[in-house]
file run_4.cif (mmCIF, C-alpha atoms and all ligand atoms)
data_my_file
#
loop_
_atom_site.group_PDB
_atom_site.id
_atom_site.type_symbol
_atom_site.label_atom_id
_atom_site.label_comp_id
_atom_site.auth_asym_id
_atom_site.auth_seq_id
_atom_site.Cartn_x
_atom_site.Cartn_y
_atom_site.Cartn_z
ATOM 1 C CA MET I 274 -132.878 -281.952 -149.480
ATOM 2 C CA CYS I 275 -135.945 -281.283 -151.565
ATOM 3 C CA THR I 276 -135.836 -278.902 -154.513
ATOM 4 C CA GLU I 277 -139.295 -277.448 -154.980
ATOM 5 C CA LYS I 278 -141.148 -274.993 -157.197
ATOM 6 C CA THR I 279 -143.652 -272.583 -155.746
ATOM 7 C CA PHE I 280 -145.986 -269.895 -157.024
ATOM 8 C CA ILE I 281 -146.111 -266.289 -155.853
ATOM 9 C CA MET I 282 -148.326 -263.403 -156.899
ATOM 10 C CA ILE I 283 -147.787 -259.763 -155.970
ATOM 11 C CA LYS I 284 -151.332 -258.452 -155.600
ATOM 12 C CA PRO I 285 -152.685 -255.147 -157.038
ATOM 13 C CA ASP I 286 -151.863 -253.265 -153.812
ATOM 14 C CA GLY I 287 -148.212 -254.389 -153.976
ATOM 15 C CA ILE I 288 -147.948 -252.830 -157.432
ATOM 16 C CA GLN I 289 -149.938 -249.696 -156.498
ATOM 17 C CA ARG I 290 -147.627 -249.105 -153.557
ATOM 18 C CA GLY I 291 -144.427 -249.479 -155.566
ATOM 19 C CA LEU I 292 -143.274 -252.601 -153.724
ATOM 20 C CA LEU I 293 -142.527 -254.832 -156.725
ATOM 21 C CA GLY I 294 -138.761 -254.402 -156.609
ATOM 22 C CA GLU I 295 -138.606 -254.724 -152.834
ATOM 23 C CA ILE I 296 -140.558 -257.988 -152.823
ATOM 24 C CA ILE I 297 -138.742 -259.566 -155.773
ATOM 25 C CA SER I 298 -135.447 -258.554 -154.217
ATOM 26 C CA ARG I 299 -136.237 -260.300 -150.924
ATOM 27 C CA PHE I 300 -136.737 -263.631 -152.709
ATOM 28 C CA GLU I 301 -133.577 -263.193 -154.787
ATOM 29 C CA LYS I 302 -131.465 -262.237 -151.775
ATOM 30 C CA LYS I 303 -132.684 -265.286 -149.877
ATOM 31 C CA GLY I 304 -131.234 -267.452 -152.661
ATOM 32 C CA LEU I 305 -134.409 -268.524 -154.436
ATOM 33 C CA LYS I 306 -134.327 -268.628 -158.229
ATOM 34 C CA PHE I 307 -137.065 -267.036 -160.365
ATOM 35 C CA ILE I 308 -137.851 -269.418 -163.225
ATOM 36 C CA ALA I 309 -140.946 -267.486 -164.411
ATOM 37 C CA LEU I 310 -142.217 -263.933 -163.948
ATOM 38 C CA LYS I 311 -144.951 -261.889 -165.649
ATOM 39 C CA MET I 312 -147.472 -259.081 -165.172
ATOM 40 C CA ILE I 313 -151.080 -259.948 -165.909
ATOM 41 C CA HIS I 314 -154.550 -258.562 -165.254
ATOM 42 C CA ILE I 315 -156.509 -261.538 -163.921
ATOM 43 C CA ASP I 316 -160.065 -262.002 -165.183
ATOM 44 C CA LYS I 317 -162.927 -263.142 -162.954
ATOM 45 C CA LYS I 318 -162.787 -266.735 -164.203
ATOM 46 C CA LEU I 319 -159.105 -267.178 -163.373
ATOM 47 C CA ALA I 320 -159.581 -265.436 -160.005
ATOM 48 C CA GLU I 321 -162.424 -267.816 -159.115
ATOM 49 C CA MET I 322 -160.350 -270.862 -160.074
ATOM 50 C CA HIS I 323 -157.349 -269.604 -158.109
ATOM 51 C CA TYR I 324 -159.389 -268.886 -154.966
ATOM 52 C CA ALA I 325 -161.877 -271.787 -155.333
ATOM 53 C CA GLU I 326 -161.155 -273.043 -151.792
ATOM 54 C CA HIS I 327 -162.540 -269.773 -150.376
ATOM 55 C CA ARG I 328 -165.860 -269.789 -152.286
ATOM 56 C CA GLY I 329 -168.736 -269.132 -149.873
ATOM 57 C CA LYS I 330 -166.629 -267.364 -147.231
ATOM 58 C CA THR I 331 -167.608 -263.866 -146.117
ATOM 59 C CA PHE I 332 -164.559 -262.249 -147.716
ATOM 60 C CA TYR I 333 -164.764 -264.174 -151.024
ATOM 61 C CA LYS I 334 -166.627 -261.564 -153.117
ATOM 62 C CA GLY I 335 -164.315 -258.756 -151.995
ATOM 63 C CA LEU I 336 -161.274 -260.946 -152.592
ATOM 64 C CA ILE I 337 -162.302 -261.654 -156.205
ATOM 65 C CA GLU I 338 -163.101 -257.980 -156.825
ATOM 66 C CA PHE I 339 -159.800 -256.871 -155.355
ATOM 67 C CA ILE I 340 -157.566 -259.375 -157.145
ATOM 68 C CA THR I 341 -159.155 -258.431 -160.508
ATOM 69 C CA SER I 342 -159.003 -254.661 -159.830
ATOM 70 C CA GLY I 343 -155.594 -254.107 -161.437
ATOM 71 C CA PRO I 344 -152.531 -255.935 -162.720
ATOM 72 C CA VAL I 345 -150.641 -258.446 -160.590
ATOM 73 C CA VAL I 346 -147.162 -259.919 -160.970
ATOM 74 C CA ALA I 347 -147.056 -263.711 -160.949
ATOM 75 C CA GLY I 348 -143.897 -265.739 -160.546
ATOM 76 C CA VAL I 349 -142.471 -269.207 -160.029
ATOM 77 C CA LEU I 350 -139.611 -269.668 -157.589
ATOM 78 C CA LYS I 351 -137.352 -272.702 -157.321
ATOM 79 C CA GLY I 352 -135.064 -273.806 -154.528
ATOM 80 C CA GLU I 353 -134.559 -276.164 -151.610
ATOM 81 C CA ASN I 354 -137.761 -276.330 -149.535
ATOM 82 C CA ALA I 355 -139.010 -273.337 -151.535
ATOM 83 C CA ILE I 356 -142.670 -273.725 -150.535
ATOM 84 C CA LYS I 357 -142.116 -273.449 -146.788
ATOM 85 C CA ILE I 358 -139.344 -270.868 -147.076
ATOM 86 C CA VAL I 359 -141.432 -268.571 -149.288
ATOM 87 C CA ARG I 360 -144.409 -268.795 -146.899
ATOM 88 C CA LYS I 361 -142.063 -267.823 -144.056
ATOM 89 C CA LEU I 362 -140.726 -264.838 -145.979
ATOM 90 C CA VAL I 363 -144.306 -263.784 -146.805
ATOM 91 C CA GLY I 364 -145.573 -264.010 -143.214
ATOM 92 C CA ALA I 365 -148.940 -264.777 -141.649
ATOM 93 C CA THR I 366 -152.214 -264.023 -143.459
ATOM 94 C CA SER I 367 -153.392 -261.549 -140.870
ATOM 95 C CA PRO I 368 -151.032 -258.556 -140.574
ATOM 96 C CA ASP I 369 -151.481 -258.422 -136.811
ATOM 97 C CA ASN I 370 -149.928 -261.905 -136.665
ATOM 98 C CA ALA I 371 -147.320 -261.314 -139.383
ATOM 99 C CA GLU I 372 -143.919 -260.884 -137.755
ATOM 100 C CA PRO I 373 -141.742 -257.846 -138.498
ATOM 101 C CA GLY I 374 -139.123 -258.920 -141.020
ATOM 102 C CA THR I 375 -141.687 -260.734 -143.155
ATOM 103 C CA ILE I 376 -143.158 -259.074 -146.248
ATOM 104 C CA ARG I 377 -146.647 -258.820 -144.770
ATOM 105 C CA GLY I 378 -145.276 -257.940 -141.333
ATOM 106 C CA ASP I 379 -143.269 -255.050 -142.754
ATOM 107 C CA PHE I 380 -145.712 -253.614 -145.279
ATOM 108 C CA THR I 381 -149.352 -254.368 -144.451
ATOM 109 C CA ILE I 382 -151.971 -253.598 -141.820
ATOM 110 C CA ASN I 383 -155.000 -255.127 -143.561
ATOM 111 C CA THR I 384 -155.897 -258.790 -144.158
ATOM 112 C CA GLY I 385 -157.659 -258.121 -147.468
ATOM 113 C CA CYS I 386 -154.867 -255.940 -148.851
ATOM 114 C CA ASN I 387 -151.913 -258.081 -147.814
ATOM 115 C CA ILE I 388 -149.875 -257.469 -150.995
ATOM 116 C CA ILE I 389 -148.758 -261.018 -151.792
ATOM 117 C CA HIS I 390 -149.974 -264.582 -152.312
ATOM 118 C CA ALA I 391 -147.817 -267.703 -151.986
ATOM 119 C CA SER I 392 -148.681 -271.385 -152.400
ATOM 120 C CA ASP I 393 -149.156 -273.260 -149.138
ATOM 121 C CA SER I 394 -148.368 -276.861 -150.228
ATOM 122 C CA SER I 395 -146.890 -278.911 -153.028
ATOM 123 C CA ASP I 396 -150.328 -279.740 -154.496
ATOM 124 C CA THR I 397 -151.363 -276.081 -154.374
ATOM 125 C CA ALA I 398 -148.089 -274.965 -155.958
ATOM 126 C CA ASN I 399 -148.486 -277.384 -158.890
ATOM 127 C CA ARG I 400 -152.110 -276.362 -159.410
ATOM 128 C CA GLU I 401 -151.371 -272.637 -159.259
ATOM 129 C CA ILE I 402 -148.305 -272.826 -161.526
ATOM 130 C CA ASP I 403 -150.417 -274.681 -164.120
ATOM 131 C CA LEU I 404 -153.227 -272.121 -163.792
ATOM 132 C CA PHE I 405 -151.013 -269.106 -164.431
ATOM 133 C CA PHE I 406 -148.194 -270.321 -166.685
ATOM 134 C CA GLN I 407 -147.808 -272.135 -169.976
ATOM 135 C CA LYS I 408 -144.932 -274.625 -170.093
ATOM 136 C CA ASN I 409 -142.946 -272.342 -172.436
ATOM 137 C CA GLU I 410 -143.129 -269.476 -169.907
ATOM 138 C CA ILE I 411 -141.137 -271.472 -167.343
ATOM 139 C CA PHE I 412 -137.378 -271.443 -167.822
ATOM 140 C CA THR I 413 -134.559 -273.869 -167.074
ATOM 141 C CA TYR I 414 -131.167 -272.362 -166.361
ATOM 142 C CA ASN I 415 -128.340 -273.084 -163.962
ATOM 143 C CA LEU I 416 -126.676 -270.837 -161.441
ATOM 144 C CA ALA I 417 -122.958 -271.476 -160.907
ATOM 145 C CA LEU I 418 -123.458 -271.934 -157.171
ATOM 146 C CA GLU I 419 -125.965 -274.761 -157.592
ATOM 147 C CA GLN I 420 -123.309 -277.422 -158.142
ATOM 148 C CA TRP I 421 -121.997 -276.682 -154.642
ATOM 149 C CA LEU I 422 -125.455 -276.556 -153.104
ATOM 150 C CA GLY I 423 -126.312 -279.891 -154.721
ATOM 151 C CA SER I 424 -129.519 -278.424 -156.101
ATOM 152 C CA LYS I 425 -130.538 -278.045 -159.740
HETATM 153 P P1 LIG O 501 -153.004 -266.866 -147.458
HETATM 154 O O1 LIG O 501 -152.998 -265.819 -148.535
HETATM 155 O O2 LIG O 501 -152.074 -266.495 -146.328
HETATM 156 O O3 LIG O 501 -152.764 -268.273 -147.974
HETATM 157 P P2 LIG O 501 -155.809 -267.608 -147.149
HETATM 158 O O4 LIG O 501 -156.443 -268.032 -145.868
HETATM 159 O O5 LIG O 501 -155.571 -268.658 -148.178
HETATM 160 O O6 LIG O 501 -154.456 -266.850 -146.776
HETATM 161 O O7 LIG O 501 -156.716 -266.456 -147.757
HETATM 162 C C1 LIG O 501 -156.522 -266.016 -149.086
HETATM 163 C C2 LIG O 501 -156.603 -264.510 -149.095
HETATM 164 O O8 LIG O 501 -157.931 -264.115 -148.757
HETATM 165 C C3 LIG O 501 -155.718 -263.803 -148.066
HETATM 166 O O9 LIG O 501 -154.393 -263.615 -148.504
HETATM 167 C C4 LIG O 501 -156.454 -262.482 -147.878
HETATM 168 O O10 LIG O 501 -156.147 -261.590 -148.954
HETATM 169 C C5 LIG O 501 -157.904 -262.914 -148.013
HETATM 170 N N1 LIG O 501 -158.503 -263.163 -146.696
HETATM 171 C C6 LIG O 501 -158.353 -264.252 -145.915
HETATM 172 N N2 LIG O 501 -159.030 -264.137 -144.770
HETATM 173 C C7 LIG O 501 -159.633 -262.928 -144.810
HETATM 174 C C8 LIG O 501 -160.483 -262.203 -143.904
HETATM 175 O O11 LIG O 501 -160.818 -262.668 -142.822
HETATM 176 N N3 LIG O 501 -160.894 -260.956 -144.310
HETATM 177 C C9 LIG O 501 -160.545 -260.412 -145.501
HETATM 178 N N4 LIG O 501 -159.748 -261.064 -146.375
HETATM 179 C C10 LIG O 501 -159.294 -262.288 -146.039
HETATM 180 MG MG MG O 502 -153.942 -269.520 -149.106
#
call {"tool": "encode", "arguments": {"input": "run_4.cif", "output": "structure tokens", "more": "lines below"}}
Ligand code: IDP
Ligand code: MG
result
Amino acid sequence: MCTEKTFIMIKPDGIQRGLLGEIISRFEKKGLKFIALKMIHIDKKLAEMHYAEHRGKTFYKGLIEFITSGPVVAGVLKGENAIKIVRKLVGATSPDNAEPGTIRGDFTINTGCNIIHASDSSDTANREIDLFFQKNEIFTYNLALEQWLGSK
């Protein structure tokens, strides 16, 4: 068992389309615990740091413009194998590959406007959590069930 933290961000289109509650609810119902959650309007500098790995790609400029076009909701989720489980719930990057039942598979038809970001590895999760959250914005609290799941 490996208790992990991972970073998610509901993109401007997720908010514009009124999908905040739906998306947050899917993570909660799965059994993941939100330990941080906030709405922010990302500036260009933060967007460029967050998407640094994509600098130079054809879609990079549009991606930066889109992610800074309106507020996003950023969160940190904690749970057993959270990184892989959250990526599975989110679905494939391209909506034509995203399976029905996943967030992208159910709600998107466009790769650029794919409503949610999620960290893809432990290193990425740590980097992204540090980029978006101060230490005092991340909370420690126990759920009663955790003693039976063996996860804190
Ligand atoms: P991910 O979000 O599933 O991790 P990445 O390959 O890391 O996918 O790409 C980051 C984001 O860049 C995607 O979520 C999507 O919004 C955008 N993106 C990726 N590839 C394309 C593309 O081919 N066209 C337009 N946008 C793209
Ligand atoms: Mg990625």
call {"tool": "residues_around", "arguments": {"input": "run_4.cif", "residues": "region 317-321 of chain I", "least_positions_apart": "3", "cutoff": "9 Å", "atoms": "only C-alpha atoms", "output": "list in words"}}
result
Tyr324, Ala325, His327, Arg328, Leu336, Ile337, Glu338, Ile340, Thr341, Leu404 and Phe405 of chain I
call {"tool": "closest_residue", "arguments": {"input": "run_4.cif", "among": "I:Ser395, I:Thr366, I:Thr375, I:Thr279", "to": "ligand MG 502 (chain O)", "atoms": "all atoms listed in the file"}}
result
I:Thr366
call {"tool": "resolve_selection", "arguments": {"input": "run_4.cif", "expression": "the PyMOL selection byres (((not hetatm)) within 12 of (chain O and resi 502))", "output": "ChimeraX atom specification"}}
result
/I:280-282,323-327,336,360,363-367,384,387,389-394,397-398,401
call {"tool": "write_last_selection", "arguments": {"input": "run_4.cif", "atoms": "C-alpha atoms", "output": "PDB file, in the coordinates of the input"}}
result
ATOM      1  CA  PHE I 280    -145.986-269.895-157.024  1.00  0.00           C
ATOM      2  CA  ILE I 281    -146.111-266.289-155.853  1.00  0.00           C
ATOM      3  CA  MET I 282    -148.326-263.403-156.899  1.00  0.00           C
ATOM      4  CA  HIS I 323    -157.349-269.604-158.109  1.00  0.00           C
ATOM      5  CA  TYR I 324    -159.389-268.886-154.966  1.00  0.00           C
ATOM      6  CA  ALA I 325    -161.877-271.787-155.333  1.00  0.00           C
ATOM      7  CA  GLU I 326    -161.155-273.043-151.792  1.00  0.00           C
ATOM      8  CA  HIS I 327    -162.540-269.773-150.376  1.00  0.00           C
ATOM      9  CA  LEU I 336    -161.274-260.946-152.592  1.00  0.00           C
ATOM     10  CA  ARG I 360    -144.409-268.795-146.899  1.00  0.00           C
ATOM     11  CA  VAL I 363    -144.306-263.784-146.805  1.00  0.00           C
ATOM     12  CA  GLY I 364    -145.573-264.010-143.214  1.00  0.00           C
ATOM     13  CA  ALA I 365    -148.940-264.777-141.649  1.00  0.00           C
ATOM     14  CA  THR I 366    -152.214-264.023-143.459  1.00  0.00           C
ATOM     15  CA  SER I 367    -153.392-261.549-140.870  1.00  0.00           C
ATOM     16  CA  THR I 384    -155.897-258.790-144.158  1.00  0.00           C
ATOM     17  CA  ASN I 387    -151.913-258.081-147.814  1.00  0.00           C
ATOM     18  CA  ILE I 389    -148.758-261.018-151.792  1.00  0.00           C
ATOM     19  CA  HIS I 390    -149.974-264.582-152.312  1.00  0.00           C
ATOM     20  CA  ALA I 391    -147.817-267.703-151.986  1.00  0.00           C
ATOM     21  CA  SER I 392    -148.681-271.385-152.400  1.00  0.00           C
ATOM     22  CA  ASP I 393    -149.156-273.260-149.138  1.00  0.00           C
ATOM     23  CA  SER I 394    -148.368-276.861-150.228  1.00  0.00           C
ATOM     24  CA  THR I 397    -151.363-276.081-154.374  1.00  0.00           C
ATOM     25  CA  ALA I 398    -148.089-274.965-155.958  1.00  0.00           C
ATOM     26  CA  GLU I 401    -151.371-272.637-159.259  1.00  0.00           C
TER      27      GLU I 401
END
call {"tool": "closest_residue", "arguments": {"input": "run_4.cif", "among": "I:Arg299, I:Lys357, I:Arg400, I:Lys351", "to": "Phe412 (chain I)", "atoms": "only C-alpha atoms"}}
result
I:Lys351
call {"tool": "closest_residue", "arguments": {"input": "run_4.cif", "among": "I:Ile297, I:Ile288, I:Ile283, I:Cys275", "to": "ligand LIG 501 (chain O)", "atoms": "only C-alpha atoms and all ligand atoms"}}
result
I:Ile283
call {"tool": "resolve_selection", "arguments": {"input": "run_4.cif", "expression": "the PyMOL selection byres (((chain I and resi 381) around 12) and not hetatm)", "output": "ChimeraX atom specification"}}
result
/I:286-287,290,292,363-380,382-389
call {"tool": "atom_distance", "arguments": {"input": "run_4.cif", "atom1": "CA of Asn354 (chain I)", "atom2": "CA of Asp396 (chain I)"}}
result
13.9 Å
call {"tool": "atom_distance", "arguments": {"input": "run_4.cif", "atom1": "CA of Ile315 (chain I)", "atom2": "CA of Gly352 (chain I)"}}
result
26.4 Å
